[in-house]
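Written out below as structure tokens is the structure these notes cover.
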Amino acid sequence: MLHLKLETDPRWVNIVESNIEEILTDHAWCEQKAATNAISIITLNSEYPDLVTDLLELAKEELEHFQMVHDIIKKRGYKLGRERKDSYVNELYKFMNNGGNRLQRMVDRLLFSAMIEARSCERFKLLSKEINDPELSKFYHDLMISEAGHYTTFINFARKYGKGVDVDKRWNALVEFESEVIKNYGKSETIHG
Ligand SMILES: [Fe+2]
Ligand SMILES: [Fe+2]
């Protein structure tokens with residue numbers, strides 16, 4: 001359902017397993033960024049009551065995910081490290097057309113968000129299947145389902161409000177762009193690394 005062009009090499013999971021503390025720290029900050037992103041979209045598009053309602057809910061879920069990751073970090077005697085940069089997301093950000101009208105910018109921001117959910121979902125699915133750690137396997141399975149729902153939320157709002165924008169064409173272009181970006185990843189113990 002996610003229509004990504006490239007799947008992650010399963011050997012990425014071995015890299016993750018070599019440094020669980022690092023993946024958990026990176027993951028925690030991914031959830032923080034997801035919550036922050038949802039709040040930014042609300043701030044920029046406050047006149048759509050259903051979008052505000054659903055993204056408030058989504059932001060709450062991302063904060064809950066942040067808290068769940070932090071709980072695992074504490075339980076395992078680790079410490080939440082400093083905020084990690086996400087170079088995959090920063091590269092993806094360049095796809096967005098910051099010219100264009102406000103509606104086009106909203107559609108792009110929603111599609112950008114849907115794409116990050118889709119890739120995160122793919123990574124969580126792989127982790128849940130391959131990681132040699134029953135607690136994290138179950139955890140990533142549950143998160144995969146939640147992030148798949150977020151993907152649907154973002155893409156549905158892009159289609160609903162993108163009147164006059166060829167949303168499918170834009171999405172296909174993003175899928176193509178993302179496949180070029182992700183080619184260079186899968187080599188480090190971060191969620192999008
Ligand atoms: Fe999340
Ligand atoms: Fe999400």
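Lettering and numbering for the structure tokens are positional, with chains as A, B, ... in the shown order, residues counted from 1 in each chain, and ligands counted from 1 in the shown order.
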
Find the nearest atom pair between each residue of chain A and ligand 1 for residues within 6 Å, count only C-alpha atoms and all ligand atoms, give distances in Å to one decimal, sort rows by chain and ascending number, and present the table as a Markdown table.
| residue | atom | partner | partner_atom_place_in_ligand_line | distance |
| --- | --- | --- | --- | --- |
| A:Glu31 | CA | ligand 1 | 1 (Fe) | 5.0 |
| A:Glu62 | CA | ligand 1 | 1 (Fe) | 4.4 |
| A:His65 | CA | ligand 1 | 1 (Fe) | 5.3 |
| A:Glu147 | CA | ligand 1 | 1 (Fe) | 5.8 |

List as a short mmCIF file (atom, residue, chain, number, x, y, z; two decimals) with all heavy atoms, in the first residue's frame the protein and nucleic acid residues near Ala35 of chain A, meaning an atom at most 8 Å away when only C-alpha atoms are counted, but skip any in the same chain fewer than 5 places from it.
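Saved as out.cif:
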data_model
loop_
_atom_site.label_atom_id
_atom_site.label_comp_id
_atom_site.auth_asym_id
_atom_site.auth_seq_id
_atom_site.Cartn_x
_atom_site.Cartn_y
_atom_site.Cartn_z
N LEU A 58 -2.94 13.29 15.76
CA LEU A 58 -1.68 12.70 15.27
C LEU A 58 -0.49 13.21 16.09
O LEU A 58 0.39 12.43 16.49
CB LEU A 58 -1.54 13.05 13.79
CG LEU A 58 -0.43 12.37 12.97
CD1 LEU A 58 -0.86 12.23 11.50
CD2 LEU A 58 0.87 13.14 13.03
N ALA A 59 -0.45 14.52 16.35
CA ALA A 59 0.66 15.09 17.13
C ALA A 59 0.71 14.45 18.52
O ALA A 59 1.79 14.14 19.04
CB ALA A 59 0.51 16.61 17.24
N LYS A 60 -0.48 14.21 19.11
CA LYS A 60 -0.53 13.56 20.43
C LYS A 60 0.04 12.15 20.35
O LYS A 60 0.77 11.71 21.24
CB LYS A 60 -1.97 13.49 20.93
CG LYS A 60 -2.36 14.65 21.81
CD LYS A 60 -3.85 14.82 21.99
CE LYS A 60 -4.57 13.62 22.57
NZ LYS A 60 -6.04 13.85 22.63
N GLU A 61 -0.30 11.43 19.26
CA GLU A 61 0.23 10.07 19.10
C GLU A 61 1.74 10.07 18.94
O GLU A 61 2.43 9.21 19.49
CB GLU A 61 -0.43 9.39 17.89
CG GLU A 61 -1.86 8.96 18.18
CD GLU A 61 -2.58 8.42 16.95
OE1 GLU A 61 -1.92 8.01 15.97
OE2 GLU A 61 -3.83 8.41 16.98
N GLU A 62 2.25 11.05 18.19
CA GLU A 62 3.72 11.11 18.02
C GLU A 62 4.41 11.41 19.36
O GLU A 62 5.46 10.84 19.65
CB GLU A 62 4.10 12.17 16.97
CG GLU A 62 3.49 12.00 15.59
CD GLU A 62 3.92 10.75 14.83
OE1 GLU A 62 4.42 9.79 15.44
OE2 GLU A 62 3.73 10.73 13.59
N LEU A 63 3.79 12.28 20.15
CA LEU A 63 4.37 12.55 21.48
C LEU A 63 4.32 11.30 22.36
O LEU A 63 5.25 11.03 23.13
CB LEU A 63 3.63 13.70 22.16
CG LEU A 63 4.17 15.10 21.92
CD1 LEU A 63 3.42 16.10 22.79
CD2 LEU A 63 5.67 15.20 22.20
#

message = Using only C-alpha atoms for the distances, tell me which of A:Met144, A:Leu174, A:Ala118, A:Met106 is nearest to Asn45 of chain A.
response =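 Among the listed residues, the smallest separation from Asn45 of chain A belongs to A:Met106.
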
ask   = Between A:Gly81, A:Gly149, A:Pro49, A:Gly100, which one has atoms that come closest to ligand 2, using only C-alpha atoms and all ligand atoms?
value =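 Going through A:Gly81, A:Gly149, A:Pro49, A:Gly100 one by one, the smallest distance to ligand 2 is for A:Gly149.
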
task = Pull the alpha helix (DSSP H) assignments for chain A out of DSSP run on the backbone, and list those residues as an MDAnalysis selection string.
result = chainID A and resid 12:17 20:44 49:75 87:93 102:130 134:161 167:182

task = For Arg105 of chain A, list every protein, DNA or RNA residue within 12 Å, evaluated using only C-alpha atoms, and leave out those in the same chain fewer than 2 positions away; present the list as a ChimeraX atom specification.
result = /A:41,44-45,93,95-103,107-112,158,161-162,165,167,170

remark   = The residue from A:Arg82, A:Lys129, A:His150, A:His141 with the smallest atom-to-atom distance to ligand 2, counting only C-alpha atoms and all ligand atoms, is A:His150

query = Which residues, written as a PyMOL selection string, have at least one atom at most 9 Å from Thr8 of chain A, with only C-alpha atoms counted and residues fewer than 4 positions away on the same chain left out?
reply = chain A and resi 12+122-123+126+182-183+185-186

ask   = Any idea what's packed within 7 Å of Val69 of chain A, counting only C-alpha atoms, ignoring anything in its chain fewer than 3 positions away? Could you give it as a list in words?
value =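 Once the nearby chain positions are removed, what remains is Leu24, Ala28, His65, Phe66, Ile72 and Ile73 of chain A.
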
Nearest residue to Ala173 of chain A from the set A:Met68, A:Met115, A:Val16, A:Leu2 (distances using only C-alpha atoms) =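 Ranked by minimum distance to Ala173 of chain A, first place goes to A:Met115.
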
inquiry  = As an exercise, work out the distance from atom CA of Thr190 of chain A to atom CA of Ala148 of chain A in Å and give it to one decimal place.
reply    = 19.3 Å

request  = List the neighbours of Lys138 of chain A out to 12 Å using only C-alpha atoms; skip same-chain residues closer than 3 positions along the sequence, and give me the result as a VMD selection string.
outcome  = chain A and resid 124 to 135 141 to 145
